[in-house]
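Everything on this sheet refers to the single structure shown next.
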Amino acid sequence: MIEENTQKEIEEIVHRETKAWDTQDVELLMTIWHPDMVWPWPRTPQSHDPLDWVLEWGRYDYERWKRGWQKLFATQTLIHNRREIKKIVISKEKDGAFAVVDIDTLWRDESGKDNHWKGRVCKVYTKVSAEWKCIMHTGVLEY
């Protein structure tokens, strides 16, 4: 029963993030991140070697990240956001987990230029008190 509840908690945070993108609710999106969150990004969806990855925003900073997401929402139109959980792994201690999620999220700016997030990501979670927070997330990779 505990395993099933933990699985549902991880599904909930993945779905909460999806809802935040769908509704462009920056406040909801900000509930997901752990204060020590770091998010490396591959330069391209084919950049599987981390030697080619970058850190765009550094360690989580509430105000900086909020401004960044607000800018995205203000300058891009969400065309579609499809996400499918492929796998969830939970530590035997029930205090760490990761979710593998296939995403297909298409944004378009006012000039018609597409910003397409398509591929697979790994979202890593840690349990803080009674709440799950995303502490690490890979950028989108095509497999």
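Starting from 1 in every chain, residues are counted up; chains themselves are A, B, ... following the order of the structure tokens, and ligands are numbered from 1 as listed.
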Please identify the helix (DSSP H, G or I) residues within chain A (assignment by DSSP from backbone atoms) and present them as a ChimeraX atom specification. /A:2-23,26-30,50-52,62-75
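Near Asp36 in chain A, within 12 Å and counting only C-alpha atoms, sit Ile32, Trp33, Trp39, Gly58, Arg59, Tyr60, Asp61, Tyr62, Val124, Tyr125, Thr126, Val128, Lys133, Cys134, Ile135, Met136 and His137 of chain A; same-chain residues fewer than 3 positions away were not included.
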Would you mind exporting the chosen residues as a PDB file, in the first residue's frame, restricted to C-alpha atoms?
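This is the output file result-v8.pdb:
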```
ATOM      1  CA  ILE A  32       7.582  21.665  -7.963  1.00  0.00           C
ATOM      2  CA  TRP A  33      11.218  22.671  -7.518  1.00  0.00           C
ATOM      3  CA  TRP A  39      18.650  21.527 -14.468  1.00  0.00           C
ATOM      4  CA  GLY A  58      22.161  27.618 -12.462  1.00  0.00           C
ATOM      5  CA  ARG A  59      20.865  26.493  -9.072  1.00  0.00           C
ATOM      6  CA  TYR A  60      17.201  27.162  -8.387  1.00  0.00           C
ATOM      7  CA  ASP A  61      16.466  30.761  -7.510  1.00  0.00           C
ATOM      8  CA  TYR A  62      12.766  31.447  -7.015  1.00  0.00           C
ATOM      9  CA  VAL A 124      14.527  13.227 -10.105  1.00  0.00           C
ATOM     10  CA  TYR A 125      12.604  13.795  -6.863  1.00  0.00           C
ATOM     11  CA  THR A 126      13.475  13.925  -3.197  1.00  0.00           C
ATOM     12  CA  VAL A 128      11.263  16.828   1.977  1.00  0.00           C
ATOM     13  CA  LYS A 133      10.273  18.172  -4.816  1.00  0.00           C
ATOM     14  CA  CYS A 134      12.135  17.951  -8.116  1.00  0.00           C
ATOM     15  CA  ILE A 135      15.851  18.235  -7.339  1.00  0.00           C
ATOM     16  CA  MET A 136      17.257  17.414 -10.788  1.00  0.00           C
ATOM     17  CA  HIS A 137      15.889  17.185 -14.288  1.00  0.00           C
TER      18      HIS A 137
END
```
Would you work out the distance separating CA of Glu63 in chain A from CA of Glu27 in chain A, expressed in Å to one decimal? 11.1 Å
Residue neighbourhood Glu110 in chain A, 9 Å, only C-alpha atoms, exclusion window fewer than 2 positions, as a list in words: Thr75, Gln76, Thr77, Arg108, Gly112 and Lys113 of chain A
Residues near Lys127 in chain A, anyone? I mean within 9 Å using only C-alpha atoms, not counting same-chain ones fewer than 2 positions away, as a PyMOL selection string. chain A and resi 94-97+125+129-134
Quick one: residues within 12 Å of Leu106 in chain A, only C-alpha atoms, excluding same-chain residues fewer than 6 positions away - as a PDB file with N, CA and C atoms, in the first residue's frame?
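The resulting out.pdb:
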```pdb
ATOM      1  N   TRP A  21       2.326  23.820 -17.134  1.00  0.00           N
ATOM      2  CA  TRP A  21       2.667  24.200 -18.513  1.00  0.00           C
ATOM      3  C   TRP A  21       1.393  24.468 -19.306  1.00  0.00           C
ATOM      4  N   ASP A  22       0.415  23.561 -19.191  1.00  0.00           N
ATOM      5  CA  ASP A  22      -0.827  23.695 -19.963  1.00  0.00           C
ATOM      6  C   ASP A  22      -1.543  25.011 -19.671  1.00  0.00           C
ATOM      7  N   GLN A  76       5.671  33.265 -25.875  1.00  0.00           N
ATOM      8  CA  GLN A  76       5.433  32.053 -26.661  1.00  0.00           C
ATOM      9  C   GLN A  76       3.990  31.594 -26.478  1.00  0.00           C
ATOM     10  N   THR A  77       3.433  31.039 -27.511  1.00  0.00           N
ATOM     11  CA  THR A  77       2.104  30.437 -27.446  1.00  0.00           C
ATOM     12  C   THR A  77       2.280  28.927 -27.393  1.00  0.00           C
ATOM     13  N   LEU A  78       1.608  28.287 -26.452  1.00  0.00           N
ATOM     14  CA  LEU A  78       1.662  26.830 -26.353  1.00  0.00           C
ATOM     15  C   LEU A  78       0.751  26.242 -27.424  1.00  0.00           C
ATOM     16  N   ILE A  79       1.317  25.481 -28.333  1.00  0.00           N
ATOM     17  CA  ILE A  79       0.557  24.838 -29.404  1.00  0.00           C
ATOM     18  C   ILE A  79       0.028  23.489 -28.924  1.00  0.00           C
ATOM     19  N   HIS A  80       0.901  22.689 -28.300  1.00  0.00           N
ATOM     20  CA  HIS A  80       0.462  21.445 -27.668  1.00  0.00           C
ATOM     21  C   HIS A  80       1.476  21.021 -26.610  1.00  0.00           C
ATOM     22  N   ASN A  81       1.013  20.189 -25.690  1.00  0.00           N
ATOM     23  CA  ASN A  81       1.853  19.702 -24.598  1.00  0.00           C
ATOM     24  C   ASN A  81       1.416  18.275 -24.275  1.00  0.00           C
ATOM     25  N   ARG A  82       2.119  17.319 -24.861  1.00  0.00           N
ATOM     26  CA  ARG A  82       1.791  15.900 -24.644  1.00  0.00           C
ATOM     27  C   ARG A  82       2.885  15.281 -23.784  1.00  0.00           C
ATOM     28  N   ARG A  83       2.475  14.613 -22.714  1.00  0.00           N
ATOM     29  CA  ARG A  83       3.439  13.996 -21.811  1.00  0.00           C
ATOM     30  C   ARG A  83       2.948  12.621 -21.408  1.00  0.00           C
ATOM     31  N   GLY A 112       6.448  33.285 -35.458  1.00  0.00           N
ATOM     32  CA  GLY A 112       6.172  31.985 -36.050  1.00  0.00           C
ATOM     33  C   GLY A 112       7.279  30.960 -35.853  1.00  0.00           C
ATOM     34  N   LYS A 113       8.323  31.322 -35.128  1.00  0.00           N
ATOM     35  CA  LYS A 113       9.430  30.401 -34.873  1.00  0.00           C
ATOM     36  C   LYS A 113       9.039  29.414 -33.775  1.00  0.00           C
ATOM     37  N   ASP A 114       9.278  28.122 -34.052  1.00  0.00           N
ATOM     38  CA  ASP A 114       8.933  27.065 -33.102  1.00  0.00           C
ATOM     39  C   ASP A 114      10.059  26.799 -32.105  1.00  0.00           C
ATOM     40  N   ASN A 115       9.668  26.472 -30.901  1.00  0.00           N
ATOM     41  CA  ASN A 115      10.556  26.030 -29.829  1.00  0.00           C
ATOM     42  C   ASN A 115       9.980  24.687 -29.397  1.00  0.00           C
ATOM     43  N   HIS A 116      10.555  23.601 -29.899  1.00  0.00           N
ATOM     44  CA  HIS A 116       9.964  22.272 -29.738  1.00  0.00           C
ATOM     45  C   HIS A 116      10.767  21.464 -28.730  1.00  0.00           C
ATOM     46  N   TRP A 117      10.117  21.085 -27.639  1.00  0.00           N
ATOM     47  CA  TRP A 117      10.716  20.203 -26.642  1.00  0.00           C
ATOM     48  C   TRP A 117      10.153  18.816 -26.915  1.00  0.00           C
ATOM     49  N   LYS A 118      10.927  17.952 -27.545  1.00  0.00           N
ATOM     50  CA  LYS A 118      10.413  16.635 -27.931  1.00  0.00           C
ATOM     51  C   LYS A 118      11.462  15.578 -27.641  1.00  0.00           C
ATOM     52  N   GLY A 119      11.079  14.608 -26.837  1.00  0.00           N
ATOM     53  CA  GLY A 119      11.980  13.522 -26.508  1.00  0.00           C
ATOM     54  C   GLY A 119      11.703  12.997 -25.109  1.00  0.00           C
TER      55      GLY A 119
END
```
Determine, counting only C-alpha atoms, which protein, DNA and RNA residues have an atom within 12 Å of an atom of Thr18 in chain A; residues of the same chain fewer than 3 positions away are not included. Present the result as a short mmCIF file (atom, residue, chain, number, x, y, z; two decimals) with N, CA and C atoms, in the first residue's frame.
```
data_model
loop_
_atom_site.label_atom_id
_atom_site.label_comp_id
_atom_site.auth_asym_id
_atom_site.auth_seq_id
_atom_site.Cartn_x
_atom_site.Cartn_y
_atom_site.Cartn_z
N GLU A 11 3.30 10.42 -9.54
CA GLU A 11 2.43 10.73 -10.68
C GLU A 11 1.80 12.11 -10.50
N GLU A 12 1.39 12.43 -9.27
CA GLU A 12 0.75 13.73 -9.01
C GLU A 12 1.68 14.89 -9.33
N ILE A 13 2.95 14.80 -8.91
CA ILE A 13 3.86 15.92 -9.17
C ILE A 13 4.16 16.05 -10.66
N VAL A 14 4.26 14.93 -11.37
CA VAL A 14 4.46 14.99 -12.83
C VAL A 14 3.23 15.64 -13.48
N HIS A 15 2.04 15.24 -13.06
CA HIS A 15 0.81 15.81 -13.64
C HIS A 15 0.63 17.28 -13.24
N TRP A 21 2.33 23.82 -17.13
CA TRP A 21 2.67 24.20 -18.51
C TRP A 21 1.39 24.47 -19.31
N ASP A 22 0.42 23.56 -19.19
CA ASP A 22 -0.83 23.70 -19.96
C ASP A 22 -1.54 25.01 -19.67
N THR A 23 -1.57 25.40 -18.41
CA THR A 23 -2.30 26.60 -18.00
C THR A 23 -1.40 27.83 -17.89
N GLN A 24 -0.10 27.61 -18.11
CA GLN A 24 0.90 28.67 -17.98
C GLN A 24 0.78 29.36 -16.62
N ASP A 25 0.64 28.51 -15.61
CA ASP A 25 0.50 28.96 -14.22
C ASP A 25 1.87 28.91 -13.56
N VAL A 26 2.56 30.04 -13.56
CA VAL A 26 3.93 30.07 -13.04
C VAL A 26 3.96 29.76 -11.55
N LEU A 28 2.01 27.70 -9.87
CA LEU A 28 1.89 26.25 -9.74
C LEU A 28 3.21 25.58 -10.12
N LEU A 29 3.82 26.05 -11.19
CA LEU A 29 5.10 25.49 -11.63
C LEU A 29 6.16 25.64 -10.54
N ILE A 32 6.98 22.95 -7.64
CA ILE A 32 7.58 21.66 -7.96
C ILE A 32 9.05 21.58 -7.55
N HIS A 80 0.90 22.69 -28.30
CA HIS A 80 0.46 21.45 -27.67
C HIS A 80 1.48 21.02 -26.61
N ASN A 81 1.01 20.19 -25.69
CA ASN A 81 1.85 19.70 -24.60
C ASN A 81 1.42 18.27 -24.27
N ARG A 82 2.12 17.32 -24.86
CA ARG A 82 1.79 15.90 -24.64
C ARG A 82 2.89 15.28 -23.78
N ARG A 83 2.48 14.61 -22.71
CA ARG A 83 3.44 14.00 -21.81
C ARG A 83 2.95 12.62 -21.41
N GLU A 84 3.87 11.67 -21.41
CA GLU A 84 3.52 10.29 -21.04
C GLU A 84 4.59 9.74 -20.10
N ILE A 85 4.14 9.35 -18.91
CA ILE A 85 5.05 8.73 -17.96
C ILE A 85 5.37 7.33 -18.47
N VAL A 101 9.83 10.47 -18.51
CA VAL A 101 8.65 11.02 -19.17
C VAL A 101 8.99 11.39 -20.60
N ASP A 102 8.17 10.91 -21.53
CA ASP A 102 8.29 11.33 -22.92
C ASP A 102 7.44 12.58 -23.10
N ILE A 103 8.05 13.61 -23.67
CA ILE A 103 7.32 14.87 -23.84
C ILE A 103 7.34 15.31 -25.29
N ASP A 104 6.30 16.02 -25.65
CA ASP A 104 6.19 16.66 -26.95
C ASP A 104 5.47 17.98 -26.69
N THR A 105 6.27 19.01 -26.45
CA THR A 105 5.74 20.33 -26.10
C THR A 105 6.19 21.31 -27.17
#
```
Those of range 93-128 of chain A in DSSP strand (DSSP E), formatted as an NGL selection string: :A and (96-109 or 114-128)
